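The next block holds one structure in the form of structure tokens; read it before the comments.
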Number of protein chains: 2
Amino acid sequence: MLHYDRLQQHFLKISRLGHLGAICGWDQAAMMPAGGNSARGEAMAELALLIHEQTTALQLPEWFAAAETEPLDADQQASLKAMKRRWQHATLLPGDLVQAISLAASTCEHAWRSQRPANDWQSFKANLSKVVDLAREEASIRAAHAGLSSYDALLDIYEPGVTTAQLDGVFGDVKTWLPELIQQVDEKQATRSWQVPQGPFPIEQQKMLGQEAMKLLGFDFNHGRLDVSTHPFCGGVPTDVRITTRYDEEDFMTALLGVIHETGHARYEQNLPKAWAGLPVGEARSMGIHESQSLFFEMQLARSREFTQLLAPMAARALQREQDPAFRVDNIYAFNTRMKRGYIRVNADEVTYPAHVILRYEIERALIEGDIEVDDIPALWDEKMQAYLGLSTQDNYRDGCMQDIHWTGGAFGYFPSYTLGAMYAAQEFAAAERTITDLRGKIARGELTELFNWLHDNIWQKASILSTEDLIASATGEPLNPTYFRKHLQQRYC
Amino acid sequence: MLHYDRLQQHFLKISRLGHLGAICGWDQAAMMPAGGNSARGEAMAELALLIHEQTTALQLPEWFAAAETEPLDADQQASLKAMKRRWQHATLLPGDLVQAISLAASTCEHAWRSQRPANDWQSFKANLSKVVDLAREEASIRAAHAGLSSYDALLDIYEPGVTTAQLDGVFGDVKTWLPELIQQVDEKQATRSWQVPQGPFPIEQQKMLGQEAMKLLGFDFNHGRLDVSTHPFCGGVPTDVRITTRYDEEDFMTALLGVIHETGHARYEQNLPKAWAGLPVGEARSMGIHESQSLFFEMQLARSREFTQLLAPMAARALQREQDPAFRVDNIYAFNTRMKRGYIRVNADEVTYPAHVILRYEIERALIEGDIEVDDIPALWDEKMQAYLGLSTQDNYRDGCMQDIHWTGGAFGYFPSYTLGAMYAAQEFAAAERTITDLRGKIARGELTELFNWLHDNIWQKASILSTEDLIASATGEPLNPTYFRKHLQQRYC
């Protein structure tokens with residue numbers, strides 16, 4: 001047996017263990033009663049340890065060395081490379097550092113839950129400093145190993161191949177036109193009026209509506225489910241994808257668009273190539289590409305004027321509001337494309353969202369590279385918020401740098417994926433539109449097959465066989481080009 | 001560190017892996033879409049292999065030998081013994097036999113699904129013969145190791161310490177009075193009339209009713225859930241017990257009594273001693289004791305005249321039938337204590353149930369001990385069915401020996417646990433009644449705390465620290481005494 005085949009079998013075994021963790025993780029968020037948490041946490045930690053042991057098994061270096069001399073085709077080489085990357089990431093960090101990071105992150109996040117409502121930056125920053133110190137240590141180990149700068153080494157975890165050099169170009173460009181665009185949209189929308197659909201919208205009807213939208217969008221209910229959790233997510237395994245949402249009786253649209261967003265993630269997972277199932281090369285390419293699929297569904301598709309022609313009457317029917325003027329296509333379109341500058345990233349519309357991400361990118365990069373310290377964050381945050389969105393966060397830590405949990409958990413390098421995803425999505429949609437005759441007309445008529453086939457062939461089936469750069473180039477004919485995102489925003493909002 | 005402590009840590013680790021399997025097993029039955037089954041099966045098999053590897057780890061014999069010389073108190077000795085038993089059961093059978101049994105069982109069960117509706121004994125018996133051959137092989141290995149007869153060695157899997165000598169006494173006694181008792185009840189009930197509550201009963205109302213009954217019965221919803229599955233069961237882990245039921249719009253009572261039955265299992269699991277959580281000695285004592293708890297809740301409690309005074313009005317309220325005469329206490333009591341001779345064990349009432357079990361016990365014992373062959377089953381079944389219940393199953397294999405899946409899966413030795421459970425339950429209830437003043441009055445008034453405290457102290461908290469015999473003796477003052485079961489039936493039915 002080839003060492004390559006031995007490696008594949010070994011990683012398939014790890015994937016089967018991961019399957020149990022994915023289902024139990026979903027269960028923990030969507031099903032488990034609170035009292036089950038402590039024992040579940042221990043069981044999940046035991047599994048994580050086991051998977052770590054298997055991923056760092058002693059025979060692997062020898063197997064990799066042997067496999068690299070074996071005759072492999074291009075796909076097999078990609079698979080070998082992906083397995084080796086997984087192994088290297090697992091072996092790179094000393095065990096006591098991993099443990100220290102995990103402890104500091106959970107301490108910081110746990111305290112944050114009460115510190116945020118109390119706007120207590122002083123207490124929070126002490127915990128955050130420890131997380132930052134450890135993240136710097138992690139970054140320097142990763143940087144030395146990969147021959148990258150510290151922050152690039154963290155970026156590489158989420159977006160293999162993406163560098164600060166590239167991001168500086170892309171985000172630098174956005175900064176030249178975004179503030180003006182926001183200003184323009186502000187002015188344009190000031191003269192526009194729309195109605196907020198008024199609840200109550202019974203949960204059961206909302207659930208049926210979400211499932212109807214998932215069906216229209218091709219979600220395979222034989223290989224997945226929709227449930228409820230406090231923080232919506234897409235989990236499970238490719239053969240059994242579990243998406244979640246949360247319902248608000250006064251606002252059906254947030255849940256509906258959330259379901260559509262997660263359906264984008266889900267279709268990617270459900271349509272990864274079966275031939276590579278369970279292997280690292282058969283997994284989704286990166287966080288940014290994953291987000292490009294959810295944003296393709298939510299932003300490119302669901303908030304478009306054409307899709308609104310399907311969505312508005314579907315919602316009116318499901319919620320028994322066929323006579324309600326708030327459910328007319330024009331109103332729903334206006335409602336779903338309203339822009340509002342705000343403090344909170346997760347509530348931001350697609351126009352102002354990049355400003356939130358660029359702000360975080362600039363701060364976290366400087367933090368990891370030692371150019372600033374934790375103490376400097378609030379002032380910098382306020383300054384950038386003023387510059388990008390014209391909002392002040394002075395003394396308002398809770399709606400400023402304490403608003404989300406990426407940093408408390410030490411996930412520096414993650415934020416750029418959100419905006420990269422939005423850019424990839426716009427570029428993908430533009431490419432699909434060049435290939436598919438009358439795409440927008442077809443969307444308006446609910447003829448979505450060709451569009452999904454395009455995503456299937458160009459994104460989903462490629463998994464991690466190509467690099468992100470090659471994937472985007474092969475799908476759209478060029479590397480990442482943020483012009484498409486800008487054009488998309490101008491077309492929809494100006 | 002004592003070797004005893006090392007062993008405990010090792011078995012706690014195995015238990016944490018088992019936790020993931022328990023939750024994913026529940027998910028498979030209650031949540032998973034059909035398309036997820038194949039990958040789930042592979043993941044569960046991988047986990048089973050891993051748990052088997054850990055349970056048979058090479059260092060264990062040495063650790064057991066060392067631990068046996070260490071100074072341990074009585075509870076610790078019980079824990080050591082329980083761990084050793086777990087290890088011995090795992091190491092006893094050669095791997096290829098385990099695999100052959102698993103294959104033969106799944107082949108037999110899979111074919112049975114279509115052979116049963118087709119009443120196709122000829123095809124079924126070929127598969128069953130293989131299962132029986134392998135079960136005999138398993139039994140002889142277990143028998144040689146334990147110094148028991150073949151069938152006793154299988155009994156010991158489910159009911160440690162119970163032997164055919166004991167069962168012959170107990171079941172022999174039942175056979176002397178049961179046919180006559182059935183005759184008497186038949187005659188008595190012939191003159192009695194009752195109404196079947198007429199549906200439809202909306203599922204949502206039934207679910208609320210089930211949850212209300214669970215609350216009354218002390219189910220801890222912070223450590224468990226109620227869901228739906230095709231075959232109701234009690235699963236999950238002690239900190240998070242998952243019970244299931246299935247609903248029929250025309251018949252609410254089957255689901256309700258099923259929920260109460262599973263609640264009995266659940267309270268046992270939820271109230272096992274925390275100090276021994278995750279260790280073999282901290283698990284439920286045996287199948288029979290587990291069944292004694294579900295039958296205590298369903299038969300001793302829920303079908304009693306006193307509990308019916310709570311249950312009937314609760315059901316009438318939940319199902320909005322307060323004016324329906326079928327929901328009067330007397331009618332519900334008559335309905336829930338009706339007796340009917342029938343072919344199918346799982347549909348049997350508590351009076352005729354033991355006849356089904358004794359029939360299977362006598363046949364499977366003879367089969368395992370080589371006194372009969374598979375070909376002899378149908379004639380023997382018919383003969384015993386005639387003798388015990390006055391029913392013929394000639395040429396009716398589907399409602400005879402092909403009705404359930406214990407034998408297709410090779411689970412010979414399991415059936416006696418059902419009737420042992422019914423007997424233990426009656427004996428436990430009698431003991432509780434001697435201890436608790438005016439127990440029946442308290443039940444009728446919904447004052448159940450003392451009764452649950454009695455079960456908590458005498459059964460649940462004992463886990464597997466005592467042998468079954470000592471557990472029953474310490475709880476009730478004497479070893480298993482089937483007189484209590486007989487008295488219970490006479491009192492309720494004659």
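Each chain of the structure tokens is named A, B, ... in the order shown, its residues numbered from 1; ligands are numbered from 1 in display order.
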Name all residues at most 9 Å from region 163-179 of chain A (count only C-alpha atoms; drop same-chain ones fewer than 6 positions away) and give them as a list in words.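 Within the cut-off, the hits are Leu148, Ser149, Tyr151, Asp152, Ala153, Leu155, Asp156, Val351, Thr352, Pro354, Ala355, Ile358, Arg365, Ala387, Tyr388, Leu389, Pro416, Leu420, Leu480, Asn481, Pro482 and Arg486 of chain A.
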Any idea what's packed within 9 Å of Arg328 (chain B), counting only C-alpha atoms, ignoring anything in its chain fewer than 5 positions away? Could you give it as a ChimeraX atom specification? /B:309,312-313,316,322-323,333
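For the atom pair formed by CA of Arg440 (chain B) and CA of Ala426 (chain B), the distance is 14.1 Å, given to one decimal.
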Spatial neighbours of Ala90 (chain B), 8 Å, only C-alpha atoms, chain gap at least 3 places, as a PDB file with N, CA and C atoms, in the first residue's frame:
```
ATOM      1  N   HIS B  52     -13.709  -0.033  22.028  1.00  0.00           N
ATOM      2  CA  HIS B  52     -13.262  -1.421  22.223  1.00  0.00           C
ATOM      3  C   HIS B  52     -11.747  -1.462  22.463  1.00  0.00           C
ATOM      4  N   THR B  55     -11.078  -0.277  25.902  1.00  0.00           N
ATOM      5  CA  THR B  55     -11.557  -1.195  26.943  1.00  0.00           C
ATOM      6  C   THR B  55     -10.676  -2.443  27.029  1.00  0.00           C
ATOM      7  N   THR B  56      -9.921  -2.702  25.966  1.00  0.00           N
ATOM      8  CA  THR B  56      -9.038  -3.872  25.955  1.00  0.00           C
ATOM      9  C   THR B  56      -7.566  -3.445  25.919  1.00  0.00           C
ATOM     10  N   ARG B  86     -16.296  -5.262  32.925  1.00  0.00           N
ATOM     11  CA  ARG B  86     -16.386  -4.584  31.629  1.00  0.00           C
ATOM     12  C   ARG B  86     -15.222  -5.002  30.733  1.00  0.00           C
ATOM     13  N   TRP B  87     -14.032  -5.023  31.307  1.00  0.00           N
ATOM     14  CA  TRP B  87     -12.827  -5.390  30.556  1.00  0.00           C
ATOM     15  C   TRP B  87     -12.892  -6.856  30.107  1.00  0.00           C
ATOM     16  N   LEU B  93     -14.353 -12.370  23.805  1.00  0.00           N
ATOM     17  CA  LEU B  93     -14.657 -12.916  22.485  1.00  0.00           C
ATOM     18  C   LEU B  93     -13.589 -12.531  21.474  1.00  0.00           C
TER      19      LEU B  93
END
```
Enumerate, as an MDAnalysis selection string, the complete set of residues in region 205-334 of chain A that a backbone-based DSSP assignment places in alpha helix (DSSP H). chainID A and resid 205:216 252:270 287:295 305:318 329:334
Contact set, chain B to chain A: 8 Å, only C-alpha atoms, as a PyMOL selection string: chain B and resi 13+16-17+19-21+23-24+32-36+39-40+42-44+46-47+221-225+239-240
Restricted to N, CA and C atoms, what would the selected residues look like written as a PDB file, in the first residue's frame?
```pdb
ATOM      1  N   LYS B  13     -12.438   8.154  30.869  1.00  0.00           N
ATOM      2  CA  LYS B  13     -12.142   8.566  29.499  1.00  0.00           C
ATOM      3  C   LYS B  13     -13.033   7.803  28.516  1.00  0.00           C
ATOM      4  N   ARG B  16     -16.455   9.208  28.519  1.00  0.00           N
ATOM      5  CA  ARG B  16     -16.606  10.467  27.783  1.00  0.00           C
ATOM      6  C   ARG B  16     -16.770  10.196  26.292  1.00  0.00           C
ATOM      7  N   LEU B  17     -16.078   9.194  25.796  1.00  0.00           N
ATOM      8  CA  LEU B  17     -16.278   8.821  24.391  1.00  0.00           C
ATOM      9  C   LEU B  17     -17.675   8.231  24.209  1.00  0.00           C
ATOM     10  N   HIS B  19     -20.266   9.025  25.816  1.00  0.00           N
ATOM     11  CA  HIS B  19     -21.193  10.170  25.833  1.00  0.00           C
ATOM     12  C   HIS B  19     -21.492  10.615  24.393  1.00  0.00           C
ATOM     13  N   LEU B  20     -20.448  10.781  23.594  1.00  0.00           N
ATOM     14  CA  LEU B  20     -20.629  11.248  22.216  1.00  0.00           C
ATOM     15  C   LEU B  20     -21.442  10.236  21.414  1.00  0.00           C
ATOM     16  N   GLY B  21     -21.166   8.954  21.644  1.00  0.00           N
ATOM     17  CA  GLY B  21     -21.918   7.907  20.953  1.00  0.00           C
ATOM     18  C   GLY B  21     -23.381   7.900  21.362  1.00  0.00           C
ATOM     19  N   ILE B  23     -25.220  10.467  22.439  1.00  0.00           N
ATOM     20  CA  ILE B  23     -25.922  11.608  21.854  1.00  0.00           C
ATOM     21  C   ILE B  23     -26.098  11.404  20.344  1.00  0.00           C
ATOM     22  N   CYS B  24     -25.059  10.941  19.674  1.00  0.00           N
ATOM     23  CA  CYS B  24     -25.181  10.728  18.231  1.00  0.00           C
ATOM     24  C   CYS B  24     -26.145   9.577  17.932  1.00  0.00           C
ATOM     25  N   MET B  32     -31.794  12.817  12.806  1.00  0.00           N
ATOM     26  CA  MET B  32     -31.029  12.708  11.564  1.00  0.00           C
ATOM     27  C   MET B  32     -31.911  12.492  10.339  1.00  0.00           C
ATOM     28  N   PRO B  33     -31.697  13.258   9.265  1.00  0.00           N
ATOM     29  CA  PRO B  33     -32.383  12.939   8.010  1.00  0.00           C
ATOM     30  C   PRO B  33     -31.799  11.644   7.425  1.00  0.00           C
ATOM     31  N   ALA B  34     -32.616  10.924   6.656  1.00  0.00           N
ATOM     32  CA  ALA B  34     -32.225   9.594   6.163  1.00  0.00           C
ATOM     33  C   ALA B  34     -30.881   9.592   5.437  1.00  0.00           C
ATOM     34  N   GLY B  35     -30.636  10.634   4.665  1.00  0.00           N
ATOM     35  CA  GLY B  35     -29.412  10.667   3.870  1.00  0.00           C
ATOM     36  C   GLY B  35     -28.137  10.727   4.689  1.00  0.00           C
ATOM     37  N   GLY B  36     -28.267  11.034   5.975  1.00  0.00           N
ATOM     38  CA  GLY B  36     -27.072  11.111   6.814  1.00  0.00           C
ATOM     39  C   GLY B  36     -26.627   9.764   7.354  1.00  0.00           C
ATOM     40  N   ALA B  39     -22.830   7.828   6.445  1.00  0.00           N
ATOM     41  CA  ALA B  39     -21.647   8.420   7.092  1.00  0.00           C
ATOM     42  C   ALA B  39     -21.750   8.314   8.617  1.00  0.00           C
ATOM     43  N   ARG B  40     -22.969   8.455   9.159  1.00  0.00           N
ATOM     44  CA  ARG B  40     -23.142   8.313  10.597  1.00  0.00           C
ATOM     45  C   ARG B  40     -22.771   6.907  11.044  1.00  0.00           C
ATOM     46  N   GLU B  42     -20.672   4.897   9.708  1.00  0.00           N
ATOM     47  CA  GLU B  42     -19.209   4.759   9.711  1.00  0.00           C
ATOM     48  C   GLU B  42     -18.589   5.443  10.930  1.00  0.00           C
ATOM     49  N   ALA B  43     -19.115   6.627  11.267  1.00  0.00           N
ATOM     50  CA  ALA B  43     -18.572   7.354  12.422  1.00  0.00           C
ATOM     51  C   ALA B  43     -18.843   6.581  13.715  1.00  0.00           C
ATOM     52  N   MET B  44     -20.046   6.014  13.830  1.00  0.00           N
ATOM     53  CA  MET B  44     -20.390   5.257  15.035  1.00  0.00           C
ATOM     54  C   MET B  44     -19.524   3.989  15.125  1.00  0.00           C
ATOM     55  N   GLU B  46     -16.521   3.614  13.927  1.00  0.00           N
ATOM     56  CA  GLU B  46     -15.173   4.054  14.300  1.00  0.00           C
ATOM     57  C   GLU B  46     -15.097   4.271  15.814  1.00  0.00           C
ATOM     58  N   LEU B  47     -16.138   4.885  16.362  1.00  0.00           N
ATOM     59  CA  LEU B  47     -16.165   5.130  17.809  1.00  0.00           C
ATOM     60  C   LEU B  47     -16.231   3.807  18.577  1.00  0.00           C
ATOM     61  N   PHE B 221     -36.058  18.551  33.488  1.00  0.00           N
ATOM     62  CA  PHE B 221     -35.899  19.069  32.126  1.00  0.00           C
ATOM     63  C   PHE B 221     -34.618  19.882  31.954  1.00  0.00           C
ATOM     64  N   ASN B 222     -33.944  20.182  33.049  1.00  0.00           N
ATOM     65  CA  ASN B 222     -32.628  20.805  32.920  1.00  0.00           C
ATOM     66  C   ASN B 222     -31.573  19.755  32.548  1.00  0.00           C
ATOM     67  N   HIS B 223     -31.943  18.503  32.672  1.00  0.00           N
ATOM     68  CA  HIS B 223     -31.025  17.403  32.335  1.00  0.00           C
ATOM     69  C   HIS B 223     -31.707  16.380  31.436  1.00  0.00           C
ATOM     70  N   GLY B 224     -32.495  16.858  30.489  1.00  0.00           N
ATOM     71  CA  GLY B 224     -33.115  15.910  29.584  1.00  0.00           C
ATOM     72  C   GLY B 224     -34.158  16.541  28.696  1.00  0.00           C
ATOM     73  N   ARG B 225     -34.643  15.773  27.716  1.00  0.00           N
ATOM     74  CA  ARG B 225     -35.616  16.244  26.724  1.00  0.00           C
ATOM     75  C   ARG B 225     -36.570  15.121  26.355  1.00  0.00           C
ATOM     76  N   THR B 239     -26.509  13.016  32.699  1.00  0.00           N
ATOM     77  CA  THR B 239     -26.651  14.470  32.841  1.00  0.00           C
ATOM     78  C   THR B 239     -27.563  15.062  31.777  1.00  0.00           C
ATOM     79  N   ASP B 240     -28.005  14.247  30.827  1.00  0.00           N
ATOM     80  CA  ASP B 240     -28.775  14.763  29.689  1.00  0.00           C
ATOM     81  C   ASP B 240     -29.526  13.586  29.064  1.00  0.00           C
TER      82      ASP B 240
END
```
Can you list, as a ChimeraX atom specification, every protein, DNA or RNA residue that comes within 10 Å of region 335-344 of chain A when you count only C-alpha atoms, leaving out same-chain residues fewer than 6 positions away? /A:182,185-186,189,192-197,253-254,257,299,302-305,308,326-327,329,350-353,355-356,385,388-393,396,398-401,403-404,492-493
